[in-house]
file target25.txt (compact mmCIF, C-alpha atoms)
# COMPACT_ATOMS: atom_id res chain seq x y z
CA MET T 1 -42.69 35.35 -91.74
CA SER T 2 -40.55 32.92 -93.72
CA ILE T 3 -39.68 32.85 -97.38
CA ASP T 4 -42.19 30.91 -99.46
CA LYS T 5 -40.84 27.37 -100.07
CA ASN T 6 -42.64 27.16 -103.40
CA PHE T 7 -40.97 30.36 -104.64
CA GLU T 8 -37.58 29.06 -103.52
CA LEU T 9 -38.13 25.68 -105.21
CA GLU T 10 -39.34 27.40 -108.38
CA GLU T 11 -36.22 29.55 -108.45
CA ILE T 12 -34.06 26.44 -108.03
CA TYR T 13 -36.08 24.60 -110.71
CA GLU T 14 -35.62 27.41 -113.22
CA ASN T 15 -32.14 28.74 -112.51
CA ALA T 16 -29.91 26.48 -110.42
CA LYS T 17 -27.50 24.59 -112.70
CA ILE T 18 -27.44 21.45 -110.61
CA LEU T 19 -27.83 18.58 -113.05
CA ASP T 20 -24.70 17.28 -114.79
CA LEU T 21 -25.75 14.79 -117.48
CA GLU T 22 -22.15 13.99 -118.30
CA ASN T 23 -21.92 12.37 -114.85
CA LEU T 24 -25.35 10.70 -115.02
CA LEU T 25 -25.08 9.17 -118.49
CA ASN T 26 -22.38 7.14 -120.17
CA LYS T 27 -20.35 8.40 -123.14
CA GLU T 28 -22.47 6.48 -125.63
CA ASP T 29 -25.63 8.15 -124.31
CA ILE T 30 -23.97 11.57 -124.59
CA THR T 31 -22.93 10.77 -128.17
CA ILE T 32 -26.48 9.75 -129.06
CA ILE T 33 -27.93 12.94 -127.60
CA ARG T 34 -25.49 14.93 -129.69
CA LYS T 35 -26.35 12.87 -132.81
CA LEU T 36 -29.99 13.76 -132.17
CA GLY T 37 -28.97 17.40 -132.37
CA TYR T 38 -28.86 18.47 -128.73
CA ASP T 39 -25.94 20.07 -126.90
CA ILE T 40 -25.08 19.08 -123.33
CA ASN T 41 -21.77 20.81 -122.65
CA SER T 42 -22.73 22.29 -119.28
CA LYS T 43 -24.85 21.65 -116.26
CA PHE T 44 -28.62 21.94 -116.55
CA SER T 45 -31.30 23.40 -114.37
CA ALA T 46 -34.23 21.05 -113.76
CA LYS T 47 -36.29 23.17 -116.17
CA GLN T 48 -33.63 22.91 -118.90
CA PHE T 49 -33.41 19.15 -118.41
CA GLU T 50 -37.17 18.75 -118.68
CA LYS T 51 -37.14 20.83 -121.87
CA LEU T 52 -34.40 18.61 -123.31
CA LEU T 53 -36.37 15.49 -122.44
CA HIS T 54 -39.54 16.99 -123.89
CA ASP T 55 -37.80 18.00 -127.13
CA VAL T 56 -36.13 14.61 -127.57
CA VAL T 57 -39.47 12.88 -127.09
CA ILE T 58 -41.46 15.27 -129.29
CA ASP T 59 -38.88 15.26 -132.07
CA TYR T 60 -38.33 11.50 -132.39
CA TYR T 61 -40.68 9.37 -130.28
CA ILE T 62 -43.28 7.10 -131.89
CA ASP T 63 -46.05 5.56 -129.84
CA PRO T 64 -47.13 2.57 -131.96
CA LYS T 65 -50.54 2.55 -130.25
CA ARG T 66 -51.27 6.12 -131.33
CA VAL T 67 -49.99 6.29 -134.90
CA THR T 68 -53.17 6.75 -136.87
CA SER T 69 -52.10 9.57 -139.16
CA SER T 70 -49.05 11.52 -140.26
CA GLU T 71 -49.74 13.99 -137.42
CA ASP T 72 -48.87 11.26 -134.91
CA LEU T 73 -45.40 10.77 -136.40
CA PRO T 74 -42.35 12.52 -134.90
CA ARG T 75 -41.21 15.91 -136.17
CA LYS T 76 -37.76 14.59 -137.17
CA ASN T 77 -36.58 11.42 -138.88
CA LEU T 78 -34.54 9.24 -136.51
CA ASP T 79 -33.00 7.35 -139.44
CA GLU T 80 -31.16 10.51 -140.50
CA THR T 81 -29.33 10.57 -137.15
CA LYS T 82 -27.99 7.00 -137.53
CA VAL T 83 -29.43 6.18 -134.09
CA THR T 84 -31.47 2.98 -133.93
CA ARG T 85 -35.00 3.08 -132.58
CA GLU T 86 -33.98 0.54 -129.91
CA ARG T 87 -31.05 2.68 -128.73
CA TYR T 88 -33.25 5.80 -128.80
CA ASN T 89 -35.88 4.07 -126.63
CA GLU T 90 -33.16 3.01 -124.16
CA LEU T 91 -31.97 6.61 -123.94
CA ILE T 92 -35.51 7.87 -123.32
CA ALA T 93 -35.89 5.30 -120.55
CA LYS T 94 -32.65 6.54 -118.92
CA LEU T 95 -33.72 10.19 -119.21
CA ASP T 96 -37.13 9.34 -117.71
CA LYS T 97 -35.41 7.57 -114.82
CA ILE T 98 -33.17 10.60 -114.23
CA GLU T 99 -36.24 12.82 -114.18
CA LEU T 100 -38.07 10.58 -111.70
CA GLU T 101 -35.20 9.71 -109.38
CA VAL T 102 -32.68 12.53 -109.63
CA VAL T 103 -34.20 15.86 -110.65
CA SER T 104 -36.66 16.26 -107.79
CA ASN T 105 -34.12 15.02 -105.22
CA ILE T 106 -31.50 17.47 -106.45
CA SER T 107 -33.96 20.37 -106.18
CA ILE T 108 -34.89 19.36 -102.62
CA ASN T 109 -31.21 18.96 -101.67
CA GLU T 110 -30.43 22.38 -103.12
CA LEU T 111 -33.32 23.89 -101.17
CA ASN T 112 -32.04 22.23 -97.98
CA LYS T 113 -28.55 23.66 -98.58
CA ARG T 114 -29.98 27.14 -99.08
CA GLN T 115 -32.10 26.81 -95.94
CA ASP T 116 -29.04 25.73 -93.96
CA ILE T 117 -27.08 28.74 -95.21
CA ARG T 118 -30.03 30.95 -94.32
CA ARG T 119 -30.21 29.50 -90.78
CA ARG T 120 -26.47 30.03 -90.28
CA THR T 121 -26.75 33.63 -91.50
CA ILE T 122 -29.63 34.27 -89.13
CA ALA T 123 -27.60 32.79 -86.24
CA ILE T 124 -24.57 34.96 -87.03
CA LEU T 125 -26.68 38.12 -87.23
CA ILE T 126 -28.55 37.30 -84.02
CA LYS T 127 -25.28 36.65 -82.18
CA SER T 128 -23.79 39.91 -83.48
CA ILE T 129 -26.90 41.78 -82.34
CA ILE T 130 -26.67 40.24 -78.88
CA ILE T 131 -22.95 41.01 -78.53
CA ASN T 132 -23.35 44.60 -79.71
CA LYS T 133 -24.05 47.09 -76.91
CA ASP T 134 -25.02 50.09 -79.06
CA LYS T 135 -28.64 49.75 -80.21
CA ASP T 136 -28.01 51.97 -83.25
CA LEU T 137 -25.45 49.50 -84.60
CA PHE T 138 -27.69 46.46 -84.37
CA PRO T 139 -28.05 44.77 -87.80
CA TYR T 140 -31.82 44.54 -87.42
CA LYS T 141 -32.32 45.93 -90.91
CA GLU T 142 -30.16 43.22 -92.54
CA LEU T 143 -31.76 40.47 -90.51
CA ALA T 144 -35.27 41.79 -91.19
CA GLU T 145 -34.50 41.86 -94.93
CA ILE T 146 -33.24 38.28 -94.90
CA LEU T 147 -36.35 37.23 -92.99
CA ASN T 148 -38.58 39.33 -95.25
CA LEU T 149 -40.38 40.79 -92.23
CA SER T 150 -43.24 43.24 -92.10
CA GLN T 151 -43.23 46.17 -89.64
CA TYR T 152 -44.98 43.96 -87.10
CA GLY T 153 -42.42 41.22 -87.71
CA LYS T 154 -39.55 43.66 -87.17
CA LYS T 155 -41.03 44.73 -83.85
CA SER T 156 -41.51 41.09 -82.84
CA LEU T 157 -37.89 40.31 -83.81
CA LYS T 158 -36.59 43.14 -81.61
CA GLU T 159 -38.65 41.84 -78.70
CA ASP T 160 -37.35 38.30 -79.27
CA ILE T 161 -33.74 39.54 -79.29
CA ILE T 162 -34.28 41.59 -76.14
CA ASP T 163 -35.60 38.41 -74.50
CA ILE T 164 -32.49 36.52 -75.62
CA LYS T 165 -30.22 39.21 -74.16
CA LYS T 166 -31.98 38.81 -70.81
CA SER T 167 -31.89 35.00 -70.97
CA ILE T 168 -29.40 32.83 -69.12
CA ASN T 169 -29.27 30.17 -71.86
CA LYS T 170 -28.70 32.38 -74.90
CA ASN T 171 -27.70 29.56 -77.29
CA GLN T 172 -30.93 27.65 -76.69
CA LYS T 173 -32.97 30.84 -77.18
CA ILE T 174 -31.06 31.61 -80.38
CA MET T 175 -31.87 28.14 -81.72
CA GLU T 176 -35.54 28.66 -80.87
CA LEU T 177 -35.51 31.99 -82.68
CA ILE T 178 -33.82 30.45 -85.72
CA LYS T 179 -36.52 27.75 -85.86
CA LYS T 180 -39.20 30.42 -85.53
CA TYR T 181 -37.87 32.37 -88.51
CA SER T 182 -36.67 29.47 -90.66
CA ILE T 183 -38.54 27.99 -93.57
call {"tool": "encode", "arguments": {"input": "target25.txt", "output": "structure tokens"}}
result
Amino acid sequence: MSIDKNFELEEIYENAKILDLENLLNKEDITIIRKLGYDINSKFSAKQFEKLLHDVVIDYYIDPKRVTSSEDLPRKNLDETKVTRERYNELIAKLDKIELEVVSNISINELNKRQDIRRRTIAILIKSIIINKDKDLFPYKELAEILNLSQYGKKSLKEDIIDIKKSINKNQKIMELIKKYSI
């Protein structure tokens, strides 16, 4: 009855502009990325960051253990950028570290924020349903949409709310219902 976590994480991965390289790298690193031909004027989604990292590696990286033919050489000439191989390798190491330590944590934090907002919304709607005396004005439809409920789920939700209305400890029952319908 809850939203699929994987779908939510995928949406965050692809669309949420949550990674600000200008705050994660120093000015020299930013300058080098621009010399390599990449623009980083705004925040990135995790997917955009991974594409940047991929492109920087594909375009310029040389693995000395694998160079056996011209096909193993990078697509672009690093010498033309006036960036040294040593400085390029340092930048790649920093970008790899950001990918390992920051990107996944940011996505999880963003998911947690969205889940918290969702729980608060559910609580507000449940409380407004309980306060409301006229059954026709209950925001069941809105709550059911947020919870992505089937017909059976909608019926179960109504029964749960009726139980809360009859309960002495409404706040505890509301919290139990929120946990039931949360991700």
call {"tool": "residues_near_point", "arguments": {"input": "target25.txt", "point": "(-30.9, 38.3, -75.5)", "cutoff": "10 Å", "atoms": "all atoms listed in the file", "output": "VMD selection string"}}
result
chain T and resid 126 to 127 129 to 131 158 to 171 173 to 174
call {"tool": "residues_near_point", "arguments": {"input": "target25.txt", "point": "(-34.9, 28.2, -112.5)", "cutoff": "10 Å", "atoms": "all atoms listed in the file", "output": "short mmCIF file (atom, residue, chain, number, x, y, z; two decimals) with C-alpha atoms, in the frame of the given file"}}
result
data_model
loop_
_atom_site.label_atom_id
_atom_site.label_comp_id
_atom_site.auth_asym_id
_atom_site.auth_seq_id
_atom_site.Cartn_x
_atom_site.Cartn_y
_atom_site.Cartn_z
CA GLU T 8 -37.58 29.06 -103.52
CA LEU T 9 -38.13 25.68 -105.21
CA GLU T 10 -39.34 27.40 -108.38
CA GLU T 11 -36.22 29.55 -108.45
CA ILE T 12 -34.06 26.44 -108.03
CA TYR T 13 -36.08 24.60 -110.71
CA GLU T 14 -35.62 27.41 -113.22
CA ASN T 15 -32.14 28.74 -112.51
CA ALA T 16 -29.91 26.48 -110.42
CA LYS T 17 -27.50 24.59 -112.70
CA PHE T 44 -28.62 21.94 -116.55
CA SER T 45 -31.30 23.40 -114.37
CA ALA T 46 -34.23 21.05 -113.76
CA LYS T 47 -36.29 23.17 -116.17
CA GLN T 48 -33.63 22.91 -118.90
#
call {"tool": "residues_around", "arguments": {"input": "target25.txt", "residues": "Asn89 in chain T", "least_positions_apart": "4", "cutoff": "12 Å", "atoms": "all atoms listed in the file", "output": "PyMOL selection string"}}
result
chain T and resi 29+32-33+56-57+60-63+78+83-85+93-96
call {"tool": "residues_around", "arguments": {"input": "target25.txt", "residues": "Ile30 in chain T", "least_positions_apart": "4", "cutoff": "12 Å", "atoms": "only C-alpha atoms", "output": "PDB file with C-alpha atoms, keeping the file's coordinate frame"}}
result
ATOM      1  CA  ASP T  20     -24.700  17.280-114.790  1.00  0.00           C
ATOM      2  CA  LEU T  21     -25.750  14.790-117.480  1.00  0.00           C
ATOM      3  CA  GLU T  22     -22.150  13.990-118.300  1.00  0.00           C
ATOM      4  CA  ASN T  23     -21.920  12.370-114.850  1.00  0.00           C
ATOM      5  CA  LEU T  24     -25.350  10.700-115.020  1.00  0.00           C
ATOM      6  CA  LEU T  25     -25.080   9.170-118.490  1.00  0.00           C
ATOM      7  CA  ASN T  26     -22.380   7.140-120.170  1.00  0.00           C
ATOM      8  CA  ARG T  34     -25.490  14.930-129.690  1.00  0.00           C
ATOM      9  CA  LYS T  35     -26.350  12.870-132.810  1.00  0.00           C
ATOM     10  CA  LEU T  36     -29.990  13.760-132.170  1.00  0.00           C
ATOM     11  CA  GLY T  37     -28.970  17.400-132.370  1.00  0.00           C
ATOM     12  CA  TYR T  38     -28.860  18.470-128.730  1.00  0.00           C
ATOM     13  CA  ASP T  39     -25.940  20.070-126.900  1.00  0.00           C
ATOM     14  CA  ILE T  40     -25.080  19.080-123.330  1.00  0.00           C
ATOM     15  CA  ASN T  41     -21.770  20.810-122.650  1.00  0.00           C
ATOM     16  CA  TYR T  88     -33.250   5.800-128.800  1.00  0.00           C
ATOM     17  CA  LEU T  91     -31.970   6.610-123.940  1.00  0.00           C
ATOM     18  CA  LYS T  94     -32.650   6.540-118.920  1.00  0.00           C
ATOM     19  CA  LEU T  95     -33.720  10.190-119.210  1.00  0.00           C
TER      20      LEU T  95
END
call {"tool": "atom_distance", "arguments": {"input": "target25.txt", "atom1": "CA of Thr81 in chain T", "atom2": "CA of His54 in chain T"}}
result
17.9 Å
call {"tool": "atom_distance", "arguments": {"input": "target25.txt", "atom1": "CA of Ile92 in chain T", "atom2": "CA of Leu53 in chain T"}}
result
7.7 Å
call {"tool": "atom_distance", "arguments": {"input": "target25.txt", "atom1": "CA of Thr31 in chain T", "atom2": "CA of Asn77 in chain T"}}
result
17.4 Å
call {"tool": "closest_residue", "arguments": {"input": "target25.txt", "among": "T:Lys76, T:Lys179, T:Lys97, T:Lys154", "to": "Gln115 in chain T", "atoms": "only C-alpha atoms"}}
result
T:Lys179
call {"tool": "closest_residue", "arguments": {"input": "target25.txt", "among": "T:Glu90, T:Glu50, T:Glu145, T:Glu28", "to": "Ile122 in chain T", "atoms": "only C-alpha atoms"}}
result
T:Glu145
call {"tool": "build_atoms", "arguments": {"input": "target25.txt", "residues": "range 114-125 of chain T", "atoms": "N, CA and C atoms", "output": "JSON list (two decimals), in the frame of the given file"}}
result
[["chain", "number", "residue", "atom", "x", "y", "z"],
["T", 114, "ARG", "N", -29.69, 25.71, -99.20],
["T", 114, "ARG", "CA", -29.98, 27.14, -99.08],
["T", 114, "ARG", "C", -30.61, 27.47, -97.73],
["T", 115, "GLN", "N", -31.48, 26.59, -97.25],
["T", 115, "GLN", "CA", -32.10, 26.81, -95.94],
["T", 115, "GLN", "C", -31.05, 26.75, -94.84],
["T", 116, "ASP", "N", -30.10, 25.83, -94.96],
["T", 116, "ASP", "CA", -29.04, 25.73, -93.96],
["T", 116, "ASP", "C", -28.19, 27.00, -93.95],
["T", 117, "ILE", "N", -27.84, 27.49, -95.12],
["T", 117, "ILE", "CA", -27.08, 28.74, -95.21],
["T", 117, "ILE", "C", -27.88, 29.89, -94.60],
["T", 118, "ARG", "N", -29.16, 29.91, -94.87],
["T", 118, "ARG", "CA", -30.03, 30.95, -94.32],
["T", 118, "ARG", "C", -30.06, 30.87, -92.79],
["T", 119, "ARG", "N", -30.20, 29.66, -92.24],
["T", 119, "ARG", "CA", -30.21, 29.50, -90.78],
["T", 119, "ARG", "C", -28.89, 29.95, -90.16],
["T", 120, "ARG", "N", -27.78, 29.62, -90.80],
["T", 120, "ARG", "CA", -26.47, 30.03, -90.28],
["T", 120, "ARG", "C", -26.33, 31.56, -90.32],
["T", 121, "THR", "N", -26.80, 32.17, -91.39],
["T", 121, "THR", "CA", -26.75, 33.63, -91.50],
["T", 121, "THR", "C", -27.58, 34.27, -90.41],
["T", 122, "ILE", "N", -28.76, 33.75, -90.19],
["T", 122, "ILE", "CA", -29.63, 34.27, -89.13],
["T", 122, "ILE", "C", -28.91, 34.14, -87.78],
["T", 123, "ALA", "N", -28.30, 33.00, -87.52],
["T", 123, "ALA", "CA", -27.60, 32.79, -86.24],
["T", 123, "ALA", "C", -26.47, 33.79, -86.06],
["T", 124, "ILE", "N", -25.68, 34.00, -87.11],
["T", 124, "ILE", "CA", -24.57, 34.96, -87.03],
["T", 124, "ILE", "C", -25.09, 36.36, -86.74],
["T", 125, "LEU", "N", -26.13, 36.77, -87.45],
["T", 125, "LEU", "CA", -26.68, 38.12, -87.23],
["T", 125, "LEU", "C", -27.26, 38.26, -85.82]]
